[in-house]
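Just query34.cif here, mmCIF, C-alpha atoms:
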data_data
loop_
_atom_site.label_atom_id
_atom_site.label_comp_id
_atom_site.auth_asym_id
_atom_site.auth_seq_id
_atom_site.Cartn_x
_atom_site.Cartn_y
_atom_site.Cartn_z
CA MET L 1 208.35 36.21 166.80
CA THR L 2 210.07 39.49 166.08
CA SER L 3 209.67 39.01 162.37
CA LYS L 4 205.91 38.43 162.79
CA ARG L 5 205.45 41.73 164.65
CA THR L 6 207.28 43.78 162.06
CA ARG L 7 205.74 42.10 159.04
CA THR L 8 202.69 44.43 159.05
CA LYS L 9 204.68 47.66 159.24
CA PRO L 10 205.50 47.92 155.50
CA VAL L 11 201.79 47.57 154.72
CA ALA L 12 200.92 50.47 157.02
CA VAL L 13 203.69 52.57 155.50
CA CYS L 14 202.41 51.85 151.99
CA LYS L 15 198.90 52.92 152.96
CA MET L 16 200.24 56.18 154.36
CA LEU L 17 202.26 56.82 151.18
CA LEU L 18 199.19 56.20 149.00
CA LEU L 19 197.17 58.71 151.02
CA VAL L 20 199.92 61.32 150.68
CA LEU L 21 200.19 60.75 146.90
CA PHE L 22 196.41 60.99 146.50
CA SER L 23 196.39 64.32 148.37
CA ILE L 24 199.19 65.70 146.20
CA ALA L 25 197.39 64.63 143.02
CA SER L 26 194.24 66.40 144.16
CA LEU L 27 196.12 69.61 144.84
CA LEU L 28 197.66 69.55 141.39
CA ALA L 29 194.25 69.55 139.66
CA PRO L 30 193.60 72.77 137.66
CA GLY L 31 191.97 75.58 139.60
CA CYS L 32 192.02 73.62 142.79
CA ASN L 33 190.91 76.32 145.18
CA ARG L 34 187.79 74.48 146.36
CA PRO L 35 187.15 71.02 147.83
CA LEU L 36 186.76 68.33 145.19
CA ALA L 37 183.20 67.27 144.51
CA SER L 38 182.49 63.70 145.53
CA SER L 39 179.05 63.12 144.04
CA THR L 40 177.39 63.32 140.64
CA PRO L 41 175.68 66.68 139.98
CA THR L 42 171.89 66.65 139.92
CA ASP L 43 171.32 70.00 138.14
CA PRO L 44 172.09 69.33 134.46
CA VAL L 45 173.37 72.28 132.44
CA GLY L 46 175.01 70.65 129.46
CA THR L 47 174.34 68.24 126.65
CA VAL L 48 176.27 65.49 128.40
CA PRO L 49 174.20 63.70 131.08
CA SER L 50 177.25 62.96 133.17
CA GLU L 51 176.89 59.91 135.37
CA LYS L 52 180.62 59.72 135.93
CA THR L 53 182.41 60.84 139.05
CA GLU L 54 185.00 63.59 139.06
CA MET L 55 187.83 61.08 139.50
CA GLN L 56 186.61 59.04 136.52
CA LEU L 57 186.48 62.12 134.31
CA LEU L 58 189.92 63.27 135.44
CA ALA L 59 191.33 59.81 134.76
CA GLU L 60 189.92 59.87 131.21
CA VAL L 61 191.52 63.25 130.52
CA GLU L 62 194.80 62.03 131.97
CA ARG L 63 194.76 59.04 129.62
CA LYS L 64 194.23 61.27 126.57
CA PHE L 65 194.72 64.92 127.39
CA GLU L 66 194.11 66.10 123.81
CA ASN L 67 190.57 64.64 123.75
CA PRO L 68 188.19 67.65 123.57
CA SER L 69 185.16 65.61 124.67
CA GLY L 70 186.86 64.69 127.95
CA HIS L 71 187.57 68.32 128.76
CA TYR L 72 184.03 69.27 127.77
CA GLU L 73 182.54 66.69 130.14
CA LEU L 74 184.73 68.00 132.94
CA GLY L 75 183.67 71.54 132.08
CA VAL L 76 180.03 70.50 132.38
CA PHE L 77 180.76 68.71 135.67
CA TYR L 78 182.43 71.74 137.25
CA HIS L 79 179.82 74.07 135.76
CA GLN L 80 177.11 72.04 137.45
CA SER L 81 178.89 72.27 140.79
CA ARG L 82 179.57 76.00 140.26
CA GLN L 83 183.35 75.57 140.34
CA TRP L 84 183.81 78.37 137.84
CA LEU L 85 187.60 78.41 137.45
CA LYS L 86 187.76 74.70 136.71
CA ALA L 87 184.77 74.87 134.36
CA ASP L 88 186.33 77.79 132.48
CA TYR L 89 189.63 75.93 132.18
CA HIS L 90 188.15 72.73 130.77
CA TYR L 91 185.66 74.41 128.41
CA ASN L 92 188.56 76.40 126.97
CA GLN L 93 190.75 73.30 126.75
CA ALA L 94 187.99 71.58 124.76
CA LEU L 95 187.89 74.55 122.39
CA ALA L 96 191.67 74.67 122.14
CA PHE L 97 191.66 71.12 120.76
CA ASP L 98 188.46 71.62 118.71
CA PRO L 99 187.64 75.29 117.99
CA ALA L 100 184.32 74.30 116.36
CA PHE L 101 183.06 72.30 119.39
CA ARG L 102 179.59 73.90 119.46
CA ALA L 103 178.47 72.27 122.71
CA ALA L 104 181.55 73.64 124.51
CA GLN L 105 180.92 77.09 123.02
CA ALA L 106 177.33 77.11 124.26
CA GLY L 107 178.45 75.78 127.64
CA LEU L 108 181.00 78.56 128.03
CA VAL L 109 178.42 81.23 127.16
CA LYS L 110 175.94 79.78 129.66
CA MET L 111 178.64 79.59 132.32
CA TYR L 112 179.34 83.33 132.05
CA GLY L 113 175.61 84.01 132.18
CA ASP L 114 175.22 81.81 135.26
CA GLN L 115 178.03 83.77 136.89
CA GLY L 116 176.09 86.97 136.26
CA ASP L 117 178.54 88.31 133.66
CA ALA L 118 176.06 89.11 130.87
CA SER L 119 178.51 91.27 128.92
CA LYS L 120 181.10 88.48 128.76
CA ALA L 121 178.42 85.97 127.76
CA GLU L 122 177.36 88.27 124.92
CA GLN L 123 180.96 88.87 123.87
CA PHE L 124 181.71 85.16 123.51
CA ALA L 125 178.31 84.34 121.99
CA ALA L 126 178.83 86.99 119.31
CA ARG L 127 182.30 85.64 118.55
CA PHE L 128 181.07 82.05 118.22
CA MET L 129 178.05 83.06 116.13
CA GLN L 130 180.21 85.09 113.78
CA ALA L 131 182.54 82.14 113.21
CA ALA L 132 179.66 79.67 112.72
CA GLY L 133 177.75 82.12 110.51
CA ARG L 134 180.01 81.42 107.55
CA ASP L 135 178.21 78.08 107.19
CA ALA L 136 174.43 77.72 107.56
CA ASN L 137 174.77 74.16 108.87
CA GLU L 138 177.22 75.27 111.56
CA SER L 139 174.83 78.04 112.60
CA LEU L 140 172.12 75.41 112.95
CA ARG L 141 174.40 73.24 115.10
CA LEU L 142 175.19 76.15 117.40
CA ALA L 143 171.53 77.14 117.52
CA TRP L 144 170.49 73.73 118.81
CA GLU L 145 173.28 73.70 121.42
CA PHE L 146 172.06 77.07 122.70
CA GLU L 147 168.49 75.75 122.70
CA LYS L 148 169.47 72.71 124.77
CA LEU L 149 170.79 75.06 127.47
CA GLY L 150 167.72 77.29 127.42
CA LEU L 151 169.57 80.14 125.70
CA ASN L 152 166.71 80.78 123.30
CA ALA L 153 167.61 84.36 122.38
CA TYR L 154 171.02 83.22 121.15
CA ALA L 155 169.46 80.20 119.42
CA MET L 156 167.06 82.43 117.51
CA ARG L 157 169.90 84.67 116.39
CA CYS L 158 171.71 81.61 115.02
CA PHE L 159 168.58 80.44 113.18
CA ARG L 160 168.19 83.88 111.63
CA THR L 161 171.82 83.82 110.53
CA ALA L 162 171.30 80.40 108.93
CA LEU L 163 168.20 81.66 107.12
CA SER L 164 170.08 84.72 105.90
CA ALA L 165 172.92 82.54 104.59
CA ALA L 166 170.64 79.96 102.93
CA PRO L 167 167.05 81.25 102.60
CA ASP L 168 166.15 78.63 99.99
CA SER L 169 167.55 75.66 101.89
CA PRO L 170 164.85 73.08 102.72
CA GLU L 171 166.96 71.85 105.65
CA VAL L 172 167.38 75.29 107.21
CA ASN L 173 163.68 76.08 106.85
CA LYS L 174 162.83 72.67 108.31
CA GLN L 175 165.06 73.14 111.34
CA VAL L 176 163.66 76.61 112.01
CA GLY L 177 160.15 75.23 111.64
CA PHE L 178 160.81 72.44 114.11
CA TYR L 179 162.36 74.93 116.54
CA TYR L 180 159.16 76.99 116.52
CA LEU L 181 157.08 73.83 116.77
CA GLY L 182 158.95 72.85 119.92
CA LYS L 183 158.26 76.27 121.40
CA GLY L 184 154.52 75.99 120.69
CA ASP L 185 154.59 78.74 118.05
CA ASN L 186 152.42 76.92 115.51
CA ALA L 187 152.02 79.90 113.17
CA ASN L 188 155.75 80.29 112.57
CA ALA L 189 156.25 76.53 112.59
CA LYS L 190 153.70 76.18 109.81
CA ARG L 191 155.28 79.02 107.84
CA TYR L 192 158.78 77.57 107.76
CA LEU L 193 157.74 73.94 107.42
CA GLN L 194 155.55 74.81 104.44
CA ARG L 195 158.44 76.66 102.85
CA SER L 196 160.70 73.65 103.45
CA PHE L 197 158.11 71.35 101.87
CA GLU L 198 157.79 73.64 98.86
CA LEU L 199 161.55 73.42 98.35
CA ASN L 200 161.67 69.66 98.83
CA ALA L 201 158.46 67.65 98.97
CA ARG L 202 160.26 64.38 99.71
CA GLN L 203 160.39 64.95 103.48
CA PRO L 204 158.06 62.58 105.37
CA ASP L 205 158.89 64.19 108.72
CA VAL L 206 157.93 67.63 107.44
CA ALA L 207 154.76 66.28 105.81
CA GLY L 208 153.81 64.58 109.08
CA ALA L 209 154.39 67.73 111.11
CA LEU L 210 152.34 69.80 108.69
CA GLY L 211 149.55 67.24 108.81
CA ARG L 212 149.44 67.50 112.60
CA LEU L 213 149.23 71.27 112.18
CA GLY L 214 146.16 70.84 109.98
CA VAL L 215 147.89 71.47 106.66
CA VAL L 216 146.92 69.10 103.85
CA VAL L 217 149.99 68.14 101.84
CA GLU L 218 150.56 65.68 99.05
CA SER L 219 153.85 63.87 98.85
CA PRO L 220 155.05 63.12 95.34
CA GLU L 221 154.83 59.53 94.27
CA SER L 222 158.04 57.59 94.53
CA PRO L 223 159.67 57.03 91.14
CA PRO L 224 159.32 53.50 89.82
CA MET L 225 162.23 51.23 90.62
CA THR L 226 164.16 49.81 87.73
CA VAL L 227 165.61 46.36 87.92
CA GLN L 228 168.86 45.85 86.11
CA GLU L 229 169.40 42.44 84.68
#
For this file, produce the structure as structure tokens.
Amino acid sequence: MTSKRTRTKPVAVCKMLLLVLFSIASLLAPGCNRPLASSTPTDPVGTVPSEKTEMQLLAEVERKFENPSGHYELGVFYHQSRQWLKADYHYNQALAFDPAFRAAQAGLVKMYGDQGDASKAEQFAARFMQAAGRDANESLRLAWEFEKLGLNAYAMRCFRTALSAAPDSPEVNKQVGFYYLGKGDNANAKRYLQRSFELNARQPDVAGALGRLGVVVESPESPPMTVQE
């Protein structure tokens, strides 16, 4: 009988130890000066529509700490819940492992803006734009990440940089045209899409957009296919 009474004690002790270990692990999380969030954020601020819980995201980073995407997702998660220190830490960790992670760069700039630190947001935005500006395609990538976060002034600066670097690029003119089209600025959309089409008429998406804007365009005929015997 004695053995039956004491048989459940080790189970209770194990449960207590697990609770203690869980508490210690929570305290060791970076920037842990606020209660841990327990629910999925409902106010999206990033390009990652996170449906994962905080514990799931932390577990993914623990499995592969050098994965920049994992840190970025955590940065977005903490940004959404306004846990600034944690968001700052994970955005910067993402950039430490991938300095050209444009989504993390845009997220960091927006985070400073959301905190009310406009000068710091401008400082980091200028730094990221300068680095991306060496390549028109990278400027376009950063522009669209800014646009996704509603940072349209920064997006427009990136588009201008891309145009300055490659004014005769059909792709750059197309992307700028589609940006204006999305903003309802049909005059500028038409201007840049027409320029893109002049540079490369084999763009069905551009031709379609111009057609919807009331511009009559003629796509060149496809070259005849040759069959090799």
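With only C-alpha atoms as the atoms that count, the residue of L:Phe77, L:Phe97, L:Phe178, L:Phe124 with the shortest distance to L:Glu147 is L:Phe178.
Among L:Gln56, L:Gln203, L:Gln175, L:Asn186, the residue with the shortest atom-to-atom distance to L:Arg141, counting only C-alpha atoms, is L:Gln175.
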**Q.** Spatial neighbours of L:Ala201, max dist 10 Å, all atoms listed in the file, sep filter under 4 positions, as a ChimeraX atom specification
**A.** /L:170,194-197,206-207,217-220
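With all atoms listed in the file as the basis for measurement, L:Val109 is the residue among L:Arg134, L:Ala187, L:Asn67, L:Val109 that approaches L:Ala121 most closely.
Atom pair atom CA of L:Tyr192 / atom CA of L:Gln105 has a distance of 26.9 Å (rounded to one decimal).
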